[in-house]
Amino acid sequence: MEVKSRAPGKIILAGEHAVVHGSTAVASSIALYTYVSLRLSTPSSENEESLKLVLKDVDLEFSWPISRIREAFPDYVALLSSTPASCSGDSTKSIAALVEELSIPEAKIGLASGVSAFLWLYLSIQGFKPATVVISSELPLGAGLGSSAAFCVALAAALLSVTDSVSVDLCQQGWHSFGEKELDLVNKWAFEGEKIIHGKPSGIDNTVSAYGNIISFRSGNLTRMKSNVHLKMLITNTKVGRNTKALVAGVSERMLRHPGAMAFVFSAVDSISKELTTVLQSPTPDHLSVTQIEEKVEELMEMNQGLLQSMGVSHATIETVLQTTLKYKLASKLTGAGGGGCVLTLLPILLSATVVDKVIAELESNGFQCFIAGVGGNGVEISFEHSS
Ligand SMILES: Nc1ncnc2c1ncn2[C@@H]1O[C@H](COP(=O)(O)OP(=O)(O)O)[C@@H](O)[C@H]1O
Ligand SMILES: C[C@@](O)(CCOP(=O)(O)O)CC(=O)O
Ligand SMILES: [Mg+2]
């Protein structure tokens with residue numbers, strides 16, 4: 001049997017970075033998914049049993065003989081866990097040894113943290129079972145759209161769906177979602193994976209990828225929002241690669257250097273996110289008030305972008321996107337960790353298609369890549385395929 005899972009990426013409408021320091025943030029899922037396929041191997045005496053990981057997006061395959069994994073983790077009982085556990089101490093060392101042996105090319109070294117998160121989730125949830133896991137994504141990796149969280153959420157979902165901790169109907173056809181208790185467990189395990197990739201994640205990315213739709217999030221607590229406006233966002237990928245862990249660490253260092261000033265910055269972001277939460281839930285009887293809501297969202301996005309600049313996470317390419325869209329009176333802000341990656345631009349409902357085409361053409365002439373995303377959508381889902 002093959003288990004498949006898919007988990008969406010996200011955009012942060014307000015509050016990235018500040019959310020790591022306890023401010024409110026607002027995020028939404030987008031309909032671009034990371035897919036995981038899990039096939040547990042049937043025992044065979046012919047081939048040496050192994051755990052295989054195929055990363056389609058980066059065209060890499062890794063394989064560990066189960067005997068090698070056993071050797072790296074002599075204390076099997078301490079490893080296997082039915083409740084979400086953090087990777088620390090001896091486990092961190094054992095995983096680092098297994099990843100080092102792969103000789104990942106220097107140009108793709110950012111993958112090492114993803115492979116480490118994979119090993120931690122796989123070994124903690126499935127133990128030393130031989131299997132093949134194939135991962136692919138529609139999301140650009142390391143661009144601010146939460147590929148790391150979608151990776152961890154989809155992985156946790158597939159791995160948990162074939163354990164006793166989660167009760168799922170194996171006969172159900174097509175994509176289906178989990179119950180609340182199961183979602184909670186998937187989300188908590190995914191957070192443990194995100195910790196390995198991000199260092200100090202807030203948990204907003206894995207939470208929105210698990211639950212879907214729009215959420216307001218603060219210090220691990222989520223409020224699921226029912227938005228009355230359907231916002232349309234242009235996403236521009238500057239294609240400048242960056243690493244979330246390094247950017248999050250950079251903001252923390254700035255906070256240590258200027259604690260007083262940064263506390264005000266984070267507090268201002270908190271107010272922006274709270275106002276956005278209220279604005280998005282306000283009733284919309286006609287087009288005029290949709291426009292008024294959009295104008296408020298635009299202003300909040302601009303204010304948030306200014307504060308992200310003061311945290312030191314903007315980038316020359318992000319500034320180019322801001323200036324370009326401003327020429328068309330459109331508001332933009334970076335999304336995710338910044339330092340490159342993706343920028344959001346609100347496309348008001350009454351904006352003509354001609355203007356949208358012009359903005360996209362101008363942005364793409366700079367070498368950027370544009371696409372349009374609806375705000376909100378499904379969270380993680382699962383599907384079982386029985387070979388006949
Ligand atoms: N589909 C994938 N295949 C392999 N690794 C992935 C995949 N998706 C995410 N990752 C891991 O997540 C890292 C990117 O995470 P991050 O820097 O947080 O950026 P973002 O979450 O914004 O895409 C990658 O370097 C890799 O380690
Ligand atoms: C910067 C941050 O707020 C969001 C990071 O998102 P991404 O990995 O850049 O998609 C970090 C976090 O909340 O964990
Ligand atoms: Mg990430």
# chains A, B, ... in the order shown; residues from 1 in each chain; ligands from 1
$ residues_around --residues "segment 175-192 of chain A" --least-positions-apart "5" --cutoff "10 Å" --atoms "only C-alpha atoms" --output "JSON list (two decimals) with all heavy atoms, in the first residue's frame"
[["chain", "number", "residue", "atom", "x", "y", "z"],
["A", 4, "LYS", "N", -0.28, 8.56, 0.47],
["A", 4, "LYS", "CA", 0.13, 9.86, -0.07],
["A", 4, "LYS", "C", -0.42, 10.96, 0.81],
["A", 4, "LYS", "O", -1.56, 10.85, 1.31],
["A", 4, "LYS", "CB", -0.43, 10.04, -1.48],
["A", 4, "LYS", "CG", 0.30, 9.23, -2.52],
["A", 4, "LYS", "CD", -0.20, 9.57, -3.88],
["A", 4, "LYS", "CE", 0.68, 8.95, -4.95],
["A", 4, "LYS", "NZ", 0.09, 9.05, -6.26],
["A", 5, "SER", "N", 0.36, 12.02, 0.97],
["A", 5, "SER", "CA", -0.17, 13.18, 1.71],
["A", 5, "SER", "C", 0.21, 14.43, 0.93],
["A", 5, "SER", "O", 1.15, 14.40, 0.11],
["A", 5, "SER", "CB", 0.44, 13.25, 3.11],
["A", 5, "SER", "OG", 1.83, 13.36, 3.00],
["A", 6, "ARG", "N", -0.54, 15.47, 1.15],
["A", 6, "ARG", "CA", -0.16, 16.76, 0.57],
["A", 6, "ARG", "C", -0.45, 17.87, 1.57],
["A", 6, "ARG", "O", -1.46, 17.83, 2.29],
["A", 6, "ARG", "CB", -0.86, 17.02, -0.76],
["A", 6, "ARG", "CG", -2.35, 17.17, -0.66],
["A", 6, "ARG", "CD", -2.94, 17.61, -1.99],
["A", 6, "ARG", "NE", -4.35, 17.93, -1.83],
["A", 6, "ARG", "CZ", -5.16, 18.21, -2.84],
["A", 6, "ARG", "NH1", -4.72, 18.21, -4.08],
["A", 6, "ARG", "NH2", -6.42, 18.51, -2.61],
["A", 82, "SER", "N", 5.54, 7.98, 20.88],
["A", 82, "SER", "CA", 4.15, 8.13, 20.44],
["A", 82, "SER", "C", 3.68, 9.58, 20.63],
["A", 82, "SER", "O", 2.64, 9.97, 20.14],
["A", 82, "SER", "CB", 3.24, 7.18, 21.21],
["A", 82, "SER", "OG", 3.37, 7.47, 22.58],
["A", 83, "THR", "N", 4.48, 10.39, 21.35],
["A", 83, "THR", "CA", 4.12, 11.81, 21.47],
["A", 83, "THR", "C", 5.24, 12.65, 20.88],
["A", 83, "THR", "O", 6.41, 12.27, 20.94],
["A", 83, "THR", "CB", 3.93, 12.21, 22.95],
["A", 83, "THR", "OG1", 5.09, 11.77, 23.66],
["A", 83, "THR", "CG2", 2.70, 11.61, 23.56],
["A", 84, "PRO", "N", 4.90, 13.81, 20.30],
["A", 84, "PRO", "CA", 5.91, 14.65, 19.66],
["A", 84, "PRO", "C", 7.08, 14.98, 20.58],
["A", 84, "PRO", "O", 6.88, 15.42, 21.72],
["A", 84, "PRO", "CB", 5.14, 15.91, 19.28],
["A", 84, "PRO", "CG", 3.73, 15.41, 19.13],
["A", 84, "PRO", "CD", 3.55, 14.35, 20.16],
["A", 85, "ALA", "N", 8.30, 14.72, 20.08],
["A", 85, "ALA", "CA", 9.48, 14.92, 20.92],
["A", 85, "ALA", "C", 10.53, 15.71, 20.13],
["A", 85, "ALA", "O", 10.61, 15.62, 18.91],
["A", 85, "ALA", "CB", 10.05, 13.56, 21.31],
["A", 86, "SER", "N", 11.33, 16.49, 20.87],
["A", 86, "SER", "CA", 12.37, 17.31, 20.23],
["A", 86, "SER", "C", 13.62, 16.50, 20.00],
["A", 86, "SER", "O", 13.96, 15.63, 20.80],
["A", 86, "SER", "CB", 12.72, 18.50, 21.12],
["A", 86, "SER", "OG", 11.59, 19.27, 21.33],
["A", 87, "CYS", "N", 14.31, 16.82, 18.92],
["A", 87, "CYS", "CA", 15.57, 16.16, 18.60],
["A", 87, "CYS", "C", 16.67, 16.86, 19.39],
["A", 87, "CYS", "O", 16.90, 18.05, 19.20],
["A", 87, "CYS", "CB", 15.84, 16.28, 17.11],
["A", 87, "CYS", "SG", 17.35, 15.47, 16.60],
["A", 117, "ALA", "N", 15.56, 16.73, 9.38],
["A", 117, "ALA", "CA", 14.18, 16.75, 9.87],
["A", 117, "ALA", "C", 13.46, 15.48, 9.43],
["A", 117, "ALA", "O", 12.70, 14.87, 10.20],
["A", 117, "ALA", "CB", 13.44, 17.99, 9.35],
["A", 120, "TRP", "N", 14.60, 12.58, 11.63],
["A", 120, "TRP", "CA", 14.05, 12.66, 12.98],
["A", 120, "TRP", "C", 12.58, 12.22, 12.99],
["A", 120, "TRP", "O", 12.16, 11.40, 13.81],
["A", 120, "TRP", "CB", 14.20, 14.08, 13.56],
["A", 120, "TRP", "CG", 13.57, 14.20, 14.91],
["A", 120, "TRP", "CD1", 12.50, 14.96, 15.26],
["A", 120, "TRP", "CD2", 13.95, 13.47, 16.09],
["A", 120, "TRP", "NE1", 12.19, 14.78, 16.58],
["A", 120, "TRP", "CE2", 13.06, 13.86, 17.12],
["A", 120, "TRP", "CE3", 14.95, 12.54, 16.39],
["A", 120, "TRP", "CZ2", 13.14, 13.37, 18.42],
["A", 120, "TRP", "CZ3", 15.02, 12.03, 17.68],
["A", 120, "TRP", "CH2", 14.13, 12.45, 18.68],
["A", 121, "LEU", "N", 11.79, 12.75, 12.06],
["A", 121, "LEU", "CA", 10.36, 12.41, 12.03],
["A", 121, "LEU", "C", 10.18, 10.93, 11.69],
["A", 121, "LEU", "O", 9.41, 10.22, 12.33],
["A", 121, "LEU", "CB", 9.61, 13.29, 11.03],
["A", 121, "LEU", "CG", 9.55, 14.79, 11.38],
["A", 121, "LEU", "CD1", 8.79, 15.57, 10.31],
["A", 121, "LEU", "CD2", 8.87, 15.00, 12.73],
["A", 124, "SER", "N", 11.49, 8.59, 14.62],
["A", 124, "SER", "CA", 10.70, 8.71, 15.85],
["A", 124, "SER", "C", 9.32, 8.09, 15.68],
["A", 124, "SER", "O", 8.75, 7.55, 16.62],
["A", 124, "SER", "CB", 10.48, 10.17, 16.25],
["A", 124, "SER", "OG", 11.69, 10.83, 16.35],
["A", 125, "ILE", "N", 8.76, 8.21, 14.48],
["A", 125, "ILE", "CA", 7.38, 7.73, 14.28],
["A", 125, "ILE", "C", 7.33, 6.29, 13.75],
["A", 125, "ILE", "O", 6.51, 5.50, 14.19],
["A", 125, "ILE", "CB", 6.61, 8.70, 13.32],
["A", 125, "ILE", "CG1", 6.54, 10.10, 13.94],
["A", 125, "ILE", "CG2", 5.19, 8.18, 13.03],
["A", 125, "ILE", "CD1", 6.00, 11.19, 13.02],
["A", 148, "SER", "N", 9.39, 24.59, 3.93],
["A", 148, "SER", "CA", 9.92, 23.75, 5.01],
["A", 148, "SER", "C", 8.77, 23.21, 5.88],
["A", 148, "SER", "O", 8.76, 22.04, 6.26],
["A", 148, "SER", "CB", 10.91, 24.52, 5.88],
["A", 148, "SER", "OG", 10.30, 25.65, 6.46],
["A", 149, "ALA", "N", 7.78, 24.07, 6.14],
["A", 149, "ALA", "CA", 6.65, 23.63, 6.96],
["A", 149, "ALA", "C", 5.80, 22.62, 6.20],
["A", 149, "ALA", "O", 5.39, 21.59, 6.76],
["A", 149, "ALA", "CB", 5.81, 24.83, 7.37],
["A", 150, "ALA", "N", 5.54, 22.89, 4.90],
["A", 150, "ALA", "CA", 4.73, 21.95, 4.10],
["A", 150, "ALA", "C", 5.42, 20.59, 4.04],
["A", 150, "ALA", "O", 4.76, 19.54, 4.11],
["A", 150, "ALA", "CB", 4.52, 22.53, 2.70],
["A", 151, "PHE", "N", 6.74, 20.60, 3.94],
["A", 151, "PHE", "CA", 7.56, 19.37, 3.93],
["A", 151, "PHE", "C", 7.32, 18.59, 5.23],
["A", 151, "PHE", "O", 7.03, 17.41, 5.22],
["A", 151, "PHE", "CB", 9.02, 19.83, 3.80],
["A", 151, "PHE", "CG", 10.10, 18.78, 3.81],
["A", 151, "PHE", "CD1", 10.57, 18.24, 2.62],
["A", 151, "PHE", "CD2", 10.70, 18.38, 5.00],
["A", 151, "PHE", "CE1", 11.61, 17.31, 2.61],
["A", 151, "PHE", "CE2", 11.74, 17.45, 5.00],
["A", 151, "PHE", "CZ", 12.20, 16.92, 3.79],
["A", 152, "CYS", "N", 7.42, 19.29, 6.36],
["A", 152, "CYS", "CA", 7.28, 18.62, 7.68],
["A", 152, "CYS", "C", 5.84, 18.17, 7.92],
["A", 152, "CYS", "O", 5.62, 17.09, 8.48],
["A", 152, "CYS", "CB", 7.73, 19.56, 8.81],
["A", 152, "CYS", "SG", 9.48, 19.96, 8.73],
["A", 153, "VAL", "N", 4.87, 18.98, 7.52],
["A", 153, "VAL", "CA", 3.47, 18.64, 7.76],
["A", 153, "VAL", "C", 3.08, 17.42, 6.91],
["A", 153, "VAL", "O", 2.48, 16.46, 7.40],
["A", 153, "VAL", "CB", 2.53, 19.84, 7.47],
["A", 153, "VAL", "CG1", 1.07, 19.43, 7.49],
["A", 153, "VAL", "CG2", 2.78, 20.96, 8.48],
["A", 154, "ALA", "N", 3.45, 17.46, 5.62],
["A", 154, "ALA", "CA", 3.08, 16.34, 4.73],
["A", 154, "ALA", "C", 3.76, 15.06, 5.21],
["A", 154, "ALA", "O", 3.16, 13.98, 5.22],
["A", 154, "ALA", "CB", 3.47, 16.67, 3.29],
["A", 155, "LEU", "N", 5.00, 15.19, 5.63],
["A", 155, "LEU", "CA", 5.76, 14.03, 6.10],
["A", 155, "LEU", "C", 5.14, 13.45, 7.38],
["A", 155, "LEU", "O", 4.90, 12.24, 7.48],
["A", 155, "LEU", "CB", 7.20, 14.50, 6.37],
["A", 155, "LEU", "CG", 8.29, 13.47, 6.49],
["A", 155, "LEU", "CD1", 8.29, 12.51, 5.32],
["A", 155, "LEU", "CD2", 9.64, 14.20, 6.57],
["A", 156, "ALA", "N", 4.86, 14.32, 8.35],
["A", 156, "ALA", "CA", 4.26, 13.85, 9.61],
["A", 156, "ALA", "C", 2.93, 13.19, 9.33],
["A", 156, "ALA", "O", 2.60, 12.14, 9.91],
["A", 156, "ALA", "CB", 4.10, 15.03, 10.57],
["A", 157, "ALA", "N", 2.14, 13.76, 8.41],
["A", 157, "ALA", "CA", 0.82, 13.21, 8.10],
["A", 157, "ALA", "C", 0.94, 11.80, 7.52],
["A", 157, "ALA", "O", 0.25, 10.87, 7.94],
["A", 157, "ALA", "CB", 0.08, 14.12, 7.12],
["A", 158, "ALA", "N", 1.84, 11.63, 6.55],
["A", 158, "ALA", "CA", 1.98, 10.31, 5.91],
["A", 158, "ALA", "C", 2.48, 9.30, 6.94],
["A", 158, "ALA", "O", 1.96, 8.18, 7.04],
["A", 158, "ALA", "CB", 2.96, 10.41, 4.74],
["A", 159, "LEU", "N", 3.46, 9.69, 7.73],
["A", 159, "LEU", "CA", 4.06, 8.76, 8.70],
["A", 159, "LEU", "C", 3.07, 8.36, 9.79],
["A", 159, "LEU", "O", 2.97, 7.19, 10.16],
["A", 159, "LEU", "CB", 5.31, 9.38, 9.34],
["A", 159, "LEU", "CG", 6.48, 9.64, 8.39],
["A", 159, "LEU", "CD1", 7.56, 10.45, 9.08],
["A", 159, "LEU", "CD2", 7.06, 8.31, 7.89],
["A", 160, "LEU", "N", 2.30, 9.34, 10.28],
["A", 160, "LEU", "CA", 1.36, 9.05, 11.37],
["A", 160, "LEU", "C", 0.15, 8.24, 10.89],
["A", 160, "LEU", "O", -0.43, 7.48, 11.65],
["A", 160, "LEU", "CB", 0.87, 10.36, 12.00],
["A", 160, "LEU", "CG", 1.90, 11.05, 12.89],
["A", 160, "LEU", "CD1", 1.50, 12.50, 13.14],
["A", 160, "LEU", "CD2", 2.05, 10.31, 14.23],
["A", 161, "SER", "N", -0.19, 8.40, 9.60],
["A", 161, "SER", "CA", -1.42, 7.74, 9.12],
["A", 161, "SER", "C", -1.29, 6.22, 9.12],
["A", 161, "SER", "O", -2.29, 5.53, 9.01],
["A", 161, "SER", "CB", -1.77, 8.24, 7.73],
["A", 161, "SER", "OG", -0.81, 7.79, 6.83],
["A", 165, "SER", "N", -1.48, 5.70, 16.49],
["A", 165, "SER", "CA", -1.82, 6.98, 17.15],
["A", 165, "SER", "C", -2.92, 7.71, 16.40],
["A", 165, "SER", "O", -3.51, 8.66, 16.91],
["A", 165, "SER", "CB", -0.62, 7.93, 17.21],
["A", 165, "SER", "OG", 0.57, 7.27, 17.19],
["A", 166, "VAL", "N", -3.13, 7.32, 15.13],
["A", 166, "VAL", "CA", -4.08, 8.06, 14.32],
["A", 166, "VAL", "C", -5.09, 7.07, 13.74],
["A", 166, "VAL", "O", -4.70, 6.03, 13.22],
["A", 166, "VAL", "CB", -3.29, 8.77, 13.18],
["A", 166, "VAL", "CG1", -4.18, 9.13, 12.03],
["A", 166, "VAL", "CG2", -2.60, 10.01, 13.71],
["A", 167, "SER", "N", -6.38, 7.39, 13.90],
["A", 167, "SER", "CA", -7.34, 6.47, 13.30],
["A", 167, "SER", "C", -7.87, 7.08, 12.00],
["A", 167, "SER", "O", -8.43, 8.16, 12.00],
["A", 167, "SER", "CB", -8.47, 6.15, 14.28],
["A", 167, "SER", "OG", -9.37, 7.20, 14.31],
["A", 168, "VAL", "N", -7.58, 6.40, 10.89],
["A", 168, "VAL", "CA", -8.04, 6.88, 9.58],
["A", 168, "VAL", "C", -8.70, 5.71, 8.85],
["A", 168, "VAL", "O", -8.35, 4.56, 9.08],
["A", 168, "VAL", "CB", -6.87, 7.45, 8.72],
["A", 168, "VAL", "CG1", -6.49, 8.83, 9.13],
["A", 168, "VAL", "CG2", -5.67, 6.54, 8.73],
["A", 169, "ASP", "N", -9.63, 6.05, 7.97],
["A", 169, "ASP", "CA", -10.33, 5.02, 7.21],
["A", 169, "ASP", "C", -9.53, 4.70, 5.94],
["A", 169, "ASP", "O", -9.50, 5.47, 4.98],
["A", 169, "ASP", "CB", -11.73, 5.57, 6.85],
["A", 169, "ASP", "CG", -12.51, 4.57, 6.02],
["A", 169, "ASP", "OD1", -11.97, 3.48, 5.74],
["A", 169, "ASP", "OD2", -13.65, 4.89, 5.66],
["A", 197, "ILE", "N", 14.83, 22.65, 11.00],
["A", 197, "ILE", "CA", 15.14, 23.45, 9.79],
["A", 197, "ILE", "C", 15.33, 24.94, 10.13],
["A", 197, "ILE", "O", 16.23, 25.59, 9.62],
["A", 197, "ILE", "CB", 14.04, 23.27, 8.71],
["A", 197, "ILE", "CG1", 13.90, 21.78, 8.36],
["A", 197, "ILE", "CG2", 14.36, 24.09, 7.45],
["A", 197, "ILE", "CD1", 12.80, 21.44, 7.38],
["A", 198, "HIS", "N", 14.46, 25.48, 11.00],
["A", 198, "HIS", "CA", 14.46, 26.93, 11.26],
["A", 198, "HIS", "C", 15.27, 27.37, 12.48],
["A", 198, "HIS", "O", 15.48, 28.55, 12.66],
["A", 198, "HIS", "CB", 13.03, 27.42, 11.54],
["A", 198, "HIS", "CG", 12.25, 27.74, 10.31],
["A", 198, "HIS", "ND1", 11.13, 28.51, 10.35],
["A", 198, "HIS", "CD2", 12.43, 27.42, 9.04],
["A", 198, "HIS", "CE1", 10.64, 28.63, 9.13],
["A", 198, "HIS", "NE2", 11.41, 27.95, 8.31],
["A", 201, "PRO", "N", 11.50, 28.35, 15.21],
["A", 201, "PRO", "CA", 10.28, 28.74, 14.50],
["A", 201, "PRO", "C", 9.18, 29.20, 15.46],
["A", 201, "PRO", "O", 9.15, 28.77, 16.61],
["A", 201, "PRO", "CB", 9.86, 27.43, 13.82],
["A", 201, "PRO", "CG", 10.37, 26.35, 14.72],
["A", 201, "PRO", "CD", 11.63, 26.89, 15.36],
["A", 202, "SER", "N", 8.29, 30.04, 14.94],
["A", 202, "SER", "CA", 7.15, 30.44, 15.77],
["A", 202, "SER", "C", 6.09, 29.36, 15.78],
["A", 202, "SER", "O", 5.28, 29.29, 16.71],
["A", 202, "SER", "CB", 6.54, 31.72, 15.20],
["A", 202, "SER", "OG", 6.01, 31.46, 13.91],
["A", 203, "GLY", "N", 6.05, 28.55, 14.72],
["A", 203, "GLY", "CA", 4.99, 27.53, 14.59],
["A", 203, "GLY", "C", 3.86, 27.97, 13.68],
["A", 203, "GLY", "O", 2.95, 27.20, 13.39],
["A", 204, "ILE", "N", 3.91, 29.22, 13.19],
["A", 204, "ILE", "CA", 2.78, 29.69, 12.36],
["A", 204, "ILE", "C", 2.72, 28.94, 11.02],
["A", 204, "ILE", "O", 1.64, 28.59, 10.54],
["A", 204, "ILE", "CB", 2.83, 31.23, 12.14],
["A", 204, "ILE", "CG1", 1.52, 31.70, 11.49],
["A", 204, "ILE", "CG2", 4.03, 31.66, 11.31],
["A", 204, "ILE", "CD1", 1.34, 33.20, 11.45],
["A", 205, "ASP", "N", 3.89, 28.65, 10.43],
["A", 205, "ASP", "CA", 3.90, 28.03, 9.09],
["A", 205, "ASP", "C", 3.33, 26.62, 9.13],
["A", 205, "ASP", "O", 2.48, 26.26, 8.31],
["A", 205, "ASP", "CB", 5.33, 27.97, 8.53],
["A", 205, "ASP", "CG", 5.84, 29.33, 8.10],
["A", 205, "ASP", "OD1", 5.15, 30.33, 8.38],
["A", 205, "ASP", "OD2", 6.91, 29.39, 7.46],
["A", 206, "ASN", "N", 3.79, 25.80, 10.09],
["A", 206, "ASN", "CA", 3.27, 24.43, 10.16],
["A", 206, "ASN", "C", 1.79, 24.44, 10.56],
["A", 206, "ASN", "O", 0.99, 23.63, 10.08],
["A", 206, "ASN", "CB", 4.10, 23.54, 11.10],
["A", 206, "ASN", "CG", 4.35, 24.14, 12.44],
["A", 206, "ASN", "OD1", 5.22, 24.99, 12.60],
["A", 206, "ASN", "ND2", 3.58, 23.73, 13.44],
["A", 207, "THR", "N", 1.39, 25.42, 11.40],
["A", 207, "THR", "CA", -0.02, 25.46, 11.83],
["A", 207, "THR", "C", -0.94, 25.77, 10.66],
["A", 207, "THR", "O", -1.96, 25.11, 10.46],
["A", 207, "THR", "CB", -0.20, 26.49, 12.97],
["A", 207, "THR", "OG1", 0.68, 26.12, 14.04],
["A", 207, "THR", "CG2", -1.62, 26.53, 13.48],
["A", 208, "VAL", "N", -0.56, 26.75, 9.83],
["A", 208, "VAL", "CA", -1.45, 27.11, 8.71],
["A", 208, "VAL", "C", -1.41, 26.01, 7.64],
["A", 208, "VAL", "O", -2.41, 25.72, 6.99],
["A", 208, "VAL", "CB", -1.14, 28.53, 8.16],
["A", 208, "VAL", "CG1", 0.11, 28.57, 7.34],
["A", 208, "VAL", "CG2", -2.31, 29.06, 7.35],
["A", 209, "SER", "N", -0.27, 25.35, 7.49],
["A", 209, "SER", "CA", -0.19, 24.26, 6.51],
["A", 209, "SER", "C", -1.04, 23.08, 6.98],
["A", 209, "SER", "O", -1.69, 22.41, 6.17],
["A", 209, "SER", "CB", 1.27, 23.83, 6.35],
["A", 209, "SER", "OG", 1.38, 22.77, 5.42],
["A", 210, "ALA", "N", -1.09, 22.83, 8.27],
["A", 210, "ALA", "CA", -1.89, 21.72, 8.79],
["A", 210, "ALA", "C", -3.39, 22.03, 8.72],
["A", 210, "ALA", "O", -4.18, 21.22, 8.23],
["A", 210, "ALA", "CB", -1.48, 21.40, 10.23],
["A", 211, "TYR", "N", -3.78, 23.20, 9.19],
["A", 211, "TYR", "CA", -5.22, 23.50, 9.31],
["A", 211, "TYR", "C", -5.82, 24.17, 8.08],
["A", 211, "TYR", "O", -7.03, 24.15, 7.87],
["A", 211, "TYR", "CB", -5.48, 24.38, 10.54],
["A", 211, "TYR", "CG", -5.18, 23.67, 11.83],
["A", 211, "TYR", "CD1", -3.93, 23.75, 12.42],
["A", 211, "TYR", "CD2", -6.14, 22.87, 12.44],
["A", 211, "TYR", "CE1", -3.63, 23.07, 13.59],
["A", 211, "TYR", "CE2", -5.86, 22.19, 13.61],
["A", 211, "TYR", "CZ", -4.60, 22.29, 14.17],
["A", 211, "TYR", "OH", -4.33, 21.60, 15.32],
["A", 378, "ASN", "N", -7.56, 24.49, 1.55],
["A", 378, "ASN", "CA", -7.44, 23.30, 2.41],
["A", 378, "ASN", "C", -6.11, 23.22, 3.16],
["A", 378, "ASN", "O", -5.11, 23.75, 2.70],
["A", 378, "ASN", "CB", -7.54, 22.04, 1.56],
["A", 378, "ASN", "CG", -8.94, 21.87, 1.04],
["A", 378, "ASN", "OD1", -9.84, 22.62, 1.43],
["A", 378, "ASN", "ND2", -9.13, 20.91, 0.16],
["A", 379, "GLY", "N", -6.14, 22.50, 4.26],
["A", 379, "GLY", "CA", -4.92, 22.17, 4.96],
["A", 379, "GLY", "C", -4.43, 20.81, 4.49],
["A", 379, "GLY", "O", -4.71, 20.39, 3.37],
["A", 380, "VAL", "N", -3.72, 20.10, 5.36],
["A", 380, "VAL", "CA", -3.11, 18.82, 4.97],
["A", 380, "VAL", "C", -4.20, 17.77, 4.68],
["A", 380, "VAL", "O", -5.24, 17.74, 5.32],
["A", 380, "VAL", "CB", -2.14, 18.33, 6.08],
["A", 380, "VAL", "CG1", -2.87, 17.99, 7.38],
["A", 380, "VAL", "CG2", -1.32, 17.16, 5.61],
["A", 381, "GLU", "N", -3.90, 16.93, 3.69],
["A", 381, "GLU", "CA", -4.84, 15.86, 3.32],
["A", 381, "GLU", "C", -4.06, 14.58, 3.03],
["A", 381, "GLU", "O", -2.86, 14.61, 2.78],
["A", 381, "GLU", "CB", -5.64, 16.26, 2.08],
["A", 381, "GLU", "CG", -6.63, 17.36, 2.36],
["A", 381, "GLU", "CD", -7.31, 17.86, 1.10],
["A", 381, "GLU", "OE1", -6.60, 18.13, 0.11],
["A", 381, "GLU", "OE2", -8.54, 17.97, 1.11],
["A", 382, "ILE", "N", -4.81, 13.48, 3.02],
["A", 382, "ILE", "CA", -4.18, 12.17, 2.88],
["A", 382, "ILE", "C", -4.96, 11.32, 1.89],
["A", 382, "ILE", "O", -6.15, 11.53, 1.69],
["A", 382, "ILE", "CB", -4.11, 11.52, 4.29],
["A", 382, "ILE", "CG1", -3.19, 10.34, 4.31],
["A", 382, "ILE", "CG2", -5.45, 11.13, 4.82],
["A", 382, "ILE", "CD1", -1.99, 10.60, 5.12],
["A", 383, "SER", "N", -4.27, 10.38, 1.26],
["A", 383, "SER", "CA", -4.95, 9.48, 0.32],
["A", 383, "SER", "C", -4.25, 8.13, 0.35],
["A", 383, "SER", "O", -3.02, 8.07, 0.47],
["A", 383, "SER", "CB", -4.90, 10.15, -1.06],
["A", 383, "SER", "OG", -4.92, 9.23, -2.07],
["A", 384, "PHE", "N", -5.01, 7.04, 0.25],
["A", 384, "PHE", "CA", -4.42, 5.69, 0.27],
["A", 384, "PHE", "C", -4.61, 5.03, -1.07],
["A", 384, "PHE", "O", -5.69, 5.06, -1.63],
["A", 384, "PHE", "CB", -5.09, 4.83, 1.35],
["A", 384, "PHE", "CG", -4.89, 5.38, 2.73],
["A", 384, "PHE", "CD1", -5.87, 6.15, 3.34],
["A", 384, "PHE", "CD2", -3.70, 5.16, 3.41],
["A", 384, "PHE", "CE1", -5.68, 6.68, 4.60],
["A", 384, "PHE", "CE2", -3.50, 5.69, 4.68],
["A", 384, "PHE", "CZ", -4.49, 6.45, 5.27]]
$ residues_around --residues "segment 303-305 of chain A" --least-positions-apart "6" --cutoff "12 Å" --atoms "only C-alpha atoms" --output "ChimeraX atom specification"
/A:12-18,25-26,265-273,275-276,296-297,311-315,318-319,322,331-338,343-345
$ atom_distance --atom1 "atom CA of Gln309 of chain A" --atom2 "atom CA of Val251 of chain A"
10.9 Å
$ residues_near_ligand --ligand "ligand 1" --cutoff "6 Å" --atoms "only C-alpha atoms and all ligand atoms" --output "ChimeraX atom specification"
/A:55,57,110-114,135-137,141-149,151,198,243-244
$ residues_around --residues "Ser28 of chain A" --least-positions-apart "5" --cutoff "6 Å" --atoms "only C-alpha atoms" --output "PyMOL selection string"
chain A and resi 10-11+213-214+376
$ write_last_selection --atoms "N, CA and C atoms" --output "mmCIF file, in the first residue's frame"
data_model
loop_
_atom_site.group_PDB
_atom_site.id
_atom_site.type_symbol
_atom_site.label_atom_id
_atom_site.label_comp_id
_atom_site.auth_asym_id
_atom_site.auth_seq_id
_atom_site.Cartn_x
_atom_site.Cartn_y
_atom_site.Cartn_z
ATOM 1 N N LYS A 10 2.149 28.615 2.332
ATOM 2 C CA LYS A 10 1.435 29.724 2.994
ATOM 3 C C LYS A 10 1.967 31.087 2.551
ATOM 4 N N ILE A 11 1.143 32.088 2.801
ATOM 5 C CA ILE A 11 1.660 33.460 2.745
ATOM 6 C C ILE A 11 1.387 34.080 4.120
ATOM 7 N N ASN A 213 -6.793 27.458 5.408
ATOM 8 C CA ASN A 213 -7.539 28.727 5.557
ATOM 9 C C ASN A 213 -6.696 29.866 6.118
ATOM 10 N N ILE A 214 -7.373 30.834 6.761
ATOM 11 C CA ILE A 214 -6.644 31.998 7.299
ATOM 12 C C ILE A 214 -6.608 31.863 8.811
ATOM 13 N N GLY A 376 -6.464 31.522 1.267
ATOM 14 C CA GLY A 376 -7.250 30.506 1.983
ATOM 15 C C GLY A 376 -7.359 29.224 1.171
#
